[in-house]
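Novice: Okay, here's the structure, questions in a sec.
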Amino acid sequence: MKIATYNVNGVNGRLPVLVRWLQESSPDVVCLQELKAPVEKFPEKTLREAGYHAIWHGQKSWNGVAILSRQDNLHELRRVLPGDPEDLHSRYIEAAVNGIVVGCLYLPNGNPYPGPKFEYKLNWFKRFSAHARKLLAQDVPVVLCGDYNVMPTERDVYKPDRWINDALFRKEVRDAFKNLVGQGWTDAIRKLYPDDTIYTFWDYFRNAYARDAGLRIDHFLLSPQLARRLRSGGVDRHVRGWEKTSDHAPVWIELKDK
DNA sequence: ATGCCGTGGAAACCACGA
């Protein structure tokens, strides 16, 4: 089973690129972030014609997450992260599919630091970690994937010194990610490539993609049952070079059947 | 060091992203 995550940065503006990549890579399950579209403007029909069923949680202008599946077997488990009824951002959706639990997340950016947005990020992270702990306790196969907006280590950013006080690299946020993984999760891409420099995002400006000035911020965390089934994975970085593309590239993993 | 690019929505600019 191939599972992918892709921050599309506007699902409607990105539709030709998204469909082209789906046809090319044929993932079984796809988590999308930054739909930037209200619920009623999700391109369900086009994606259905491309071979994918979908559940989604949209929002006008910002955020928005979706899970796609080639089979009509998506069972939605939740569409909000528990812990704060006043948080109306659409940043989390979770489903049972192909015998596993898939959580699709778009963790807040948190800039500028310091400030309320950074505090919101830390609070969201805290709620997410609490939810992740509960999922682990259920002892079922779980993958939590999406845009975490965190570079976990210095290896994951092209110029670490420049990012020290950025909300994506502040110590508090890296510690939060480390503690989350410490619950018992496996960072799948890092597990597959322990010593490589791997990026999933390149800024639109300053010629970042051509200079390979990137960040690794899109991650797969696997519960122990799934970590044992990890076969391969990678970044479809060539997609970042397409016309009208997102600033993120799709990331994918492949799991053994059992 | 920086929003220099890009998207969406409203309004001919602004918020937001990382």
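Labels used: A, B, ... for chains in the order of the structure tokens, numbers from 1 for residues in each chain, and numbers from 1 for ligands as shown.
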With a distance threshold of 8 Å and counting only C-alpha atoms (C1' of nucleotides), extract the residues of chain B near chain A and express them as a list of chain:residue names.

Specialist: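 On the chain B side, the interface is B:DC4, B:DC5, B:DG6, B:DT7, B:DG8, B:DG9, B:DG17, B:DA18.
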
Novice: Fewer than 6 positions away in the same chain doesn't count, so skip those; otherwise give me all residues within 9 Å of Val143 in chain A, counting only C-alpha atoms (C1' of nucleotides), as a short mmCIF file (atom, residue, chain, number, x, y, z; two decimals) with N, CA and C atoms, in the first residue's frame.

Specialist:
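Output contents, as saved in out-v2.cif:
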```
data_model
loop_
_atom_site.label_atom_id
_atom_site.label_comp_id
_atom_site.auth_asym_id
_atom_site.auth_seq_id
_atom_site.Cartn_x
_atom_site.Cartn_y
_atom_site.Cartn_z
N ILE A 100 -6.02 0.48 8.28
CA ILE A 100 -5.18 1.31 9.13
C ILE A 100 -5.89 2.63 9.43
N VAL A 101 -5.42 3.30 10.47
CA VAL A 101 -5.93 4.63 10.80
C VAL A 101 -4.99 5.66 10.19
N VAL A 102 -5.55 6.57 9.44
CA VAL A 102 -4.76 7.62 8.80
C VAL A 102 -5.18 8.98 9.35
N GLY A 103 -4.24 9.67 9.98
CA GLY A 103 -4.48 11.04 10.45
C GLY A 103 -3.75 12.00 9.53
N CYS A 104 -4.48 12.96 8.99
CA CYS A 104 -3.94 13.95 8.04
C CYS A 104 -3.92 15.30 8.73
N PHE A 220 5.93 11.57 7.93
CA PHE A 220 5.10 10.40 8.25
C PHE A 220 5.54 9.86 9.60
N LEU A 221 4.64 9.82 10.54
CA LEU A 221 4.92 9.11 11.79
C LEU A 221 4.13 7.81 11.80
N LEU A 222 4.85 6.71 12.07
CA LEU A 222 4.23 5.38 12.03
C LEU A 222 4.18 4.78 13.42
N SER A 223 3.03 4.17 13.75
CA SER A 223 2.93 3.40 14.98
C SER A 223 3.78 2.14 14.82
N LEU A 226 3.00 -0.40 12.12
CA LEU A 226 3.25 0.03 10.74
C LEU A 226 4.74 0.20 10.47
#
```

Novice: Separation of CA of Asp139 in chain A and CA of Ala96 in chain A, in Å?

Specialist: 14.0 Å

Novice: Can you tell me, as a PyMOL selection string, what residues are no more than 10 Å from Arg133 in chain A when counting only C-alpha atoms (C1' of nucleotides), ignoring any on the same chain fewer than 5 positions away?

Specialist: chain A and resi 127-128+138+180+183-185

Novice: Please, what distance in Å, to one decimal, runs between CA of Trp21 in chain A and CA of Ala54 in chain A?

Specialist: 16.3 Å

Novice: So which residues of range 10-145 of chain A fall under helix (DSSP H, G or I) by DSSP, listed as an MDAnalysis selection string?

Specialist: chainID A and resid 15:25 39:41 44:49 116:137

Novice: Give me, as a PDB file with C-alpha atoms, in the first residue's frame, all polymer residues having an atom no more than 10 Å from Ser90 in chain A, counting only C-alpha atoms (C1' of nucleotides) and skipping those fewer than 6 positions away in the same chain.

Specialist:
```pdb
ATOM      1  CA  GLN A  33      -3.252  19.953   3.134  1.00  0.00           C
ATOM      2  CA  GLU A  34      -3.872  23.627   2.480  1.00  0.00           C
ATOM      3  CA  LEU A  35      -6.943  23.142   0.315  1.00  0.00           C
ATOM      4  CA  LYS A  36      -7.705  26.866   0.628  1.00  0.00           C
ATOM      5  CA  TRP A  56     -12.443  16.582   3.255  1.00  0.00           C
ATOM      6  CA  HIS A  57     -12.748  19.389   5.736  1.00  0.00           C
ATOM      7  CA  GLY A  58     -12.578  22.690   3.940  1.00  0.00           C
ATOM      8  CA  GLN A  59     -12.561  26.281   5.074  1.00  0.00           C
ATOM      9  CA  LYS A  60     -12.873  29.554   3.226  1.00  0.00           C
ATOM     10  CA  TRP A  62      -7.238  29.065   4.513  1.00  0.00           C
ATOM     11  CA  ASN A  63      -6.189  25.644   5.739  1.00  0.00           C
ATOM     12  CA  GLY A  64      -8.300  22.655   4.738  1.00  0.00           C
ATOM     13  CA  VAL A  65      -7.386  18.947   4.727  1.00  0.00           C
ATOM     14  CA  ALA A  66      -8.560  15.904   2.783  1.00  0.00           C
ATOM     15  CA  ARG A  79     -12.568  15.970  11.355  1.00  0.00           C
ATOM     16  CA  VAL A  80     -11.327  18.117  14.226  1.00  0.00           C
ATOM     17  CA  LEU A  81      -8.477  17.745  16.641  1.00  0.00           C
ATOM     18  CA  LEU A 105      -2.641  17.115   9.671  1.00  0.00           C
ATOM     19  CA  TYR A 106      -1.684  20.663   8.857  1.00  0.00           C
TER      20      TYR A 106
END
```

Novice: Identify, with DSSP run on backbone atoms, the residues in range 124-200 of chain A assigned to strand (DSSP E or B), and express the list as an MDAnalysis selection string.

Specialist: chainID A and resid 142:147 157 186:187
